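Below: the structure, in structure tokens.
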Amino acid sequence: MTSEAFPFEHWEADVLLKDGRVAQLRPIHEDDADRFIEFYARVSDESKYFRFFAPYPTLSERDVKRFTTVDHDRRVAFVVTLHSTIIGVGRYDAVSDDEAEVAFLVEDAQQGRGVGQLLLEHLAQAGRERGIRRFVADVLPSNARMQQVFREMGYQIEGAIEDGVQRLTFHIESTDVAIGVMQAREQRAEAASIERIFKARSIAVIGASRRQDSIGQAMVRNLVLGDFGGSVYAVNSQAEAVSGLPAYKRVQDIPGEVDVAIVVVPAESVNDVVLDCAAKGVHGLVVISAGFAEEGPEGRQRQRALLGLSRSYGLRLIGPNCLGIINTAPDLQLNASLSPSMPPQGRVGFFCQSGALGTAILESVSRRGLGLSTFVSAGNRADVSGNDLLQYWQEDDSTEVILLYLESIGNPRKFSRIARRVSATKPIVAVKSGRSTQGVPVGHTVARTSAPQSAVDAMFRQAGVIQVDTLDEMFDVAQLLAHQPLPRGNRIAIVGNSDAVALIVADAASAAGLQVTEPVSLGANANADDFEVAIEAAIANPDTDALVAVYIPPLNTSGEDVANVLAAIGEQSDKPIVSTFLGSEGVPVLLRVPDLLGGSAGRGSVPSYAAPESAVRALARVVNYSEWAARDHGEFHLALDHRTGDARAMVREVLRQAPRGAILSTEQVHALLACYGIDIWTWINVHSREEAVAAGESLGWDVVLKAGSEHLRSRPDLAHVWRGIRNADEMASAWDQLTGWTGMRKDTKFFVQRAAPEGIHVSFSVSEDPLFGPLVSFGLAGAPSELLDDRSYGIPPLTDLDAEAMIKNLRSAPLLYGYRGSERVDVDALQDIIVRLAAMKDDLPEIAELDLEPVSVHADGFTVLSARAKVMPSADRRGEWYVRRLSQPAAQGDTLA
């Protein structure tokens, strides 16, 4: 096969090495000959011997041609490069239809950085795409490092020694173990790249200025006055000193090491700064400078060039057009941002995309007494995104709660995967702006999407993310999570000195789905002792999971005694306490418990809410999260009888005959669904009265005659369906009347089908969204569900319990569970078909659309009455789930507002 028959451009990827540095992985090219020769010259004689099992000091011209010329099918080779310099090469050569021999060579100076593991991951994915099922590798027994690479990949390795060489054989299917190993490595590498920025010990401010009103001056001042625990260097080609610091003309002139560079020069000069920083060995860039994608097509090109240049030299990039970063750790006190003051130290990590909102967010954090561990404003998020920060915060001991202010989501599929894992141990609270408009902020690059907002909501819900509507609500929830334990249930007690406010709390709690015990009213003249007795009794009650304390102070009363009681009980209680105290917001000084970390409000501090509804709403959000975190989330890969290989082969054959895509025939739809264990109620296409009669006879009568035009498919009156046809005469009459109906078009297709058991009609849809990737939706069929937009969504892969939640999330779900005495349908069968469709869509991105409607579900199962499918070429997410890669720069057609 020629390379043209097998596209391979999607194999190119920016990747992170084990130490967090960026590298490039791509297929080898014929014009790599000189680079390959230079690479081979840097490899030690021992490594060459391990590769070829014999001394092989130099390569002949024939060798070079053989190693650099491949067909990207039976012979595939990848190189890993740092700024076009090859540091590693891996290849496979097919030895049979489904088996290939794999080998690697990594420059000695680069060994131990995970280069071989990355090459093996990407070669395995390429092999799976080309029909390879098994790799074999010949390794010398003394080559322990290479044996370790293979054995740590999560594959089942079989080994045998013959003639002094160990042959390792393993299947390369993407098992749960292999995927888990890959994702663990991804997490460590991405976390390492962010940690090196947050824990920088030396920072250069490039564009540092002596002008008091300049951004460069502010950056230097904030670092120095914030008591940064490392070294600060000023870079200014026109000055001798800035704010008492010696100024250097270039980063390369700085005598010590530089971990991170803060860039505040004009946009057109930033690329020169990147080259200067790369030569110095800087790890990360924080680009405050504006003038990039937020300014239109020219700025967009400038941003792409900045990202490409940064990655080619191994640098991570925060920004451009951002506010900066903050780390409140006492030994660092890093304020590399435009915020004039450091927020208090605390347990909350905060990521936002908007530089404009960043300062206001930090002011609100300080006002509420909500301490932060780290803060990032990503601006246009050309490189570092919320996904990277989630990977870092997952194992950051200083961060217990994560806040995300998201104006766009560049890779929802990866976000869903990472957030689901992180949420299991650390709550994530997110605001997603643009809910009603699905708008994209200026400068942000995302793929176009046709998915409704309900799909975004489903993604957050599926991942356990606490989604809120406003920043104020985010802080309301965060202060509860940061200072109080998680509730173990939804039963709340109310203790207060205001009957009116207690009633508001009770009403709000009931509306939010919380169970309310009888409020304890202490009267307007209640003192601290009264509150102490009542609160301790409520907390001790085994039927109470959380407490809302209401204190409206009498005239000329400070409430200090009551505050001391609340703070003391809050510090000891293993059940959360929230309050409406003095009408204040946040954690008032009176209700604070000293933080062992050194922050202003510690664990056990009682948060206060100006409005009782706000307290209840925050508590309800946290209850829902606590329930999600405590429950079983099911299994991703069930023991189902999928024939994925047959399905892929069929789709591949369809696209070979129709390279631009095609609507599948009835027989092809049957075959595709059968590969995933889904049967369709047989139907026969008919074109005349005689064919209709013959079809009825072949099916044994008790059949229906249907018109299959798209404009008739969802008619609520079912005027296009003729039921209960029991003989030839009835079929002839049905044909004449249905074909003679004035609403029928000339191109209408007709088919005959056996009558299905009575049941509730539902519909399933799967699609490939440019932004979200695979989507599965489910709902009742018919106009009412469409008018009310009553559909649930899931993002594959889905567990069995995800599928169950999709069913229960429908507002019309009670109809399936025996509403008003009706018969309960087979919900397990619905769950099963959702899981099967999700697996199909996850396996086959080429399925652009697949609709099963109507599906009749009844007490004994379901009957798929009709299905339509369309396939189109798709390389957008090939391997995304199975190999590590950084997000790519925006492609033409992506939304960049």
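Lettering and numbering for the structure tokens are positional, with chains as A, B, ... in the shown order, residues counted from 1 in each chain, and ligands counted from 1 in the shown order.
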
Practice problem: Tell me, as JSON, numbers by chain, which residues lie within 12 Å of range 60-66 of chain A, counting only C-alpha atoms; anything in the same chain fewer than 6 positions away does not count. | Solution: {"A": [28, 29, 30, 31, 32, 33, 34, 35, 36, 37, 38, 39, 40, 75, 76, 77, 91, 93]}

ask   = Where does DSSP see strand (DSSP E) in range 366-600 of chain A, if you list the residues as a ChimeraX atom specification?
value = /A:372-377,401-406,428-432,445-446,466-468,491-496,515-516,520-521,546-551,577-581

Report as a count of residues only all protein, DNA and RNA residues lying within 10 Å of Gly230 in chain A, evaluated on only C-alpha atoms, omitting residues in the same chain fewer than 4 positions from it. 11

Between A:Glu107, A:Arg51, A:Val365, A:Asp457, which residue has the minimum interatomic distance to Val139 in chain A, considering only C-alpha atoms?
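Smallest distance to Val139 in chain A is found for A:Arg51.
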
Of A:Ile552, A:Leu323, A:Val287, A:Val251, the one nearest to Pro266 in chain A when counting only C-alpha atoms is A:Val287

Practice item. Determine which residues of range 400-499 of chain A receive a DSSP assignment of alpha helix (DSSP H), computed from the backbone, and state them as a PyMOL selection string. Key: chain A and resi 412-423+453-463+471-483+499

Gly464 in chain A proximity check over A:Ser423, A:Ser209, A:Ser777, A:Ser874, using only C-alpha atoms: winner is A:Ser423

Please provide the set of residues having any atom within 10 Å of Ser142 in chain A, restricted to only C-alpha atoms, with same-chain residues fewer than 4 positions apart removed, written as a PyMOL selection string. chain A and resi 50+146-147+165-166

Residue selection dump (all heavy atoms) as a tab-separated table (two decimals), in the first residue's frame:
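As written to disk, again-v9.tsv reads:
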```tsv
chain	number	residue	atom	x	y	z
A	50	PHE	N	23.44	-2.71	21.82
A	50	PHE	CA	22.15	-3.20	22.31
A	50	PHE	C	21.09	-3.19	21.21
A	50	PHE	O	20.21	-4.05	21.17
A	50	PHE	CB	21.68	-2.32	23.47
A	50	PHE	CG	22.33	-2.63	24.78
A	50	PHE	CD1	22.46	-1.64	25.75
A	50	PHE	CD2	22.83	-3.89	25.06
A	50	PHE	CE1	23.05	-1.92	26.97
A	50	PHE	CE2	23.42	-4.17	26.29
A	50	PHE	CZ	23.54	-3.18	27.24
A	146	MET	N	15.84	-1.39	28.32
A	146	MET	CA	14.85	-1.59	27.27
A	146	MET	C	13.80	-2.62	27.69
A	146	MET	O	12.62	-2.47	27.38
A	146	MET	CB	15.52	-2.02	25.97
A	146	MET	CG	14.58	-2.04	24.77
A	146	MET	SD	13.70	-0.47	24.51
A	146	MET	CE	15.08	0.63	24.18
A	147	GLN	N	14.23	-3.65	28.39
A	147	GLN	CA	13.25	-4.61	28.89
A	147	GLN	C	12.26	-3.92	29.83
A	147	GLN	O	11.05	-4.23	29.82
A	147	GLN	CB	13.96	-5.74	29.63
A	147	GLN	CG	14.79	-6.64	28.72
A	147	GLN	CD	15.39	-7.82	29.48
A	147	GLN	OE1	14.67	-8.53	30.16
A	147	GLN	NE2	16.69	-8.01	29.35
A	165	VAL	N	19.37	-14.34	22.83
A	165	VAL	CA	18.54	-13.15	22.64
A	165	VAL	C	17.17	-13.41	23.24
A	165	VAL	O	16.59	-14.49	23.03
A	165	VAL	CB	18.39	-12.78	21.14
A	165	VAL	CG1	17.42	-11.61	20.97
A	165	VAL	CG2	19.75	-12.45	20.55
A	166	GLN	N	16.66	-12.45	23.98
A	166	GLN	CA	15.34	-12.60	24.58
A	166	GLN	C	14.30	-12.01	23.64
A	166	GLN	O	14.36	-10.83	23.28
A	166	GLN	CB	15.27	-11.89	25.93
A	166	GLN	CG	13.95	-12.12	26.65
A	166	GLN	CD	14.02	-11.77	28.12
A	166	GLN	OE1	14.89	-11.05	28.54
A	166	GLN	NE2	13.09	-12.30	28.91
```

So that I can check the surroundings of range 541-548 of chain A, please list as a PyMOL selection string every protein, DNA and RNA residue that reaches within 7 Å of it, counting only C-alpha atoms and ignoring chain neighbours fewer than 4 positions away.
chain A and resi 487-495+537+575-579
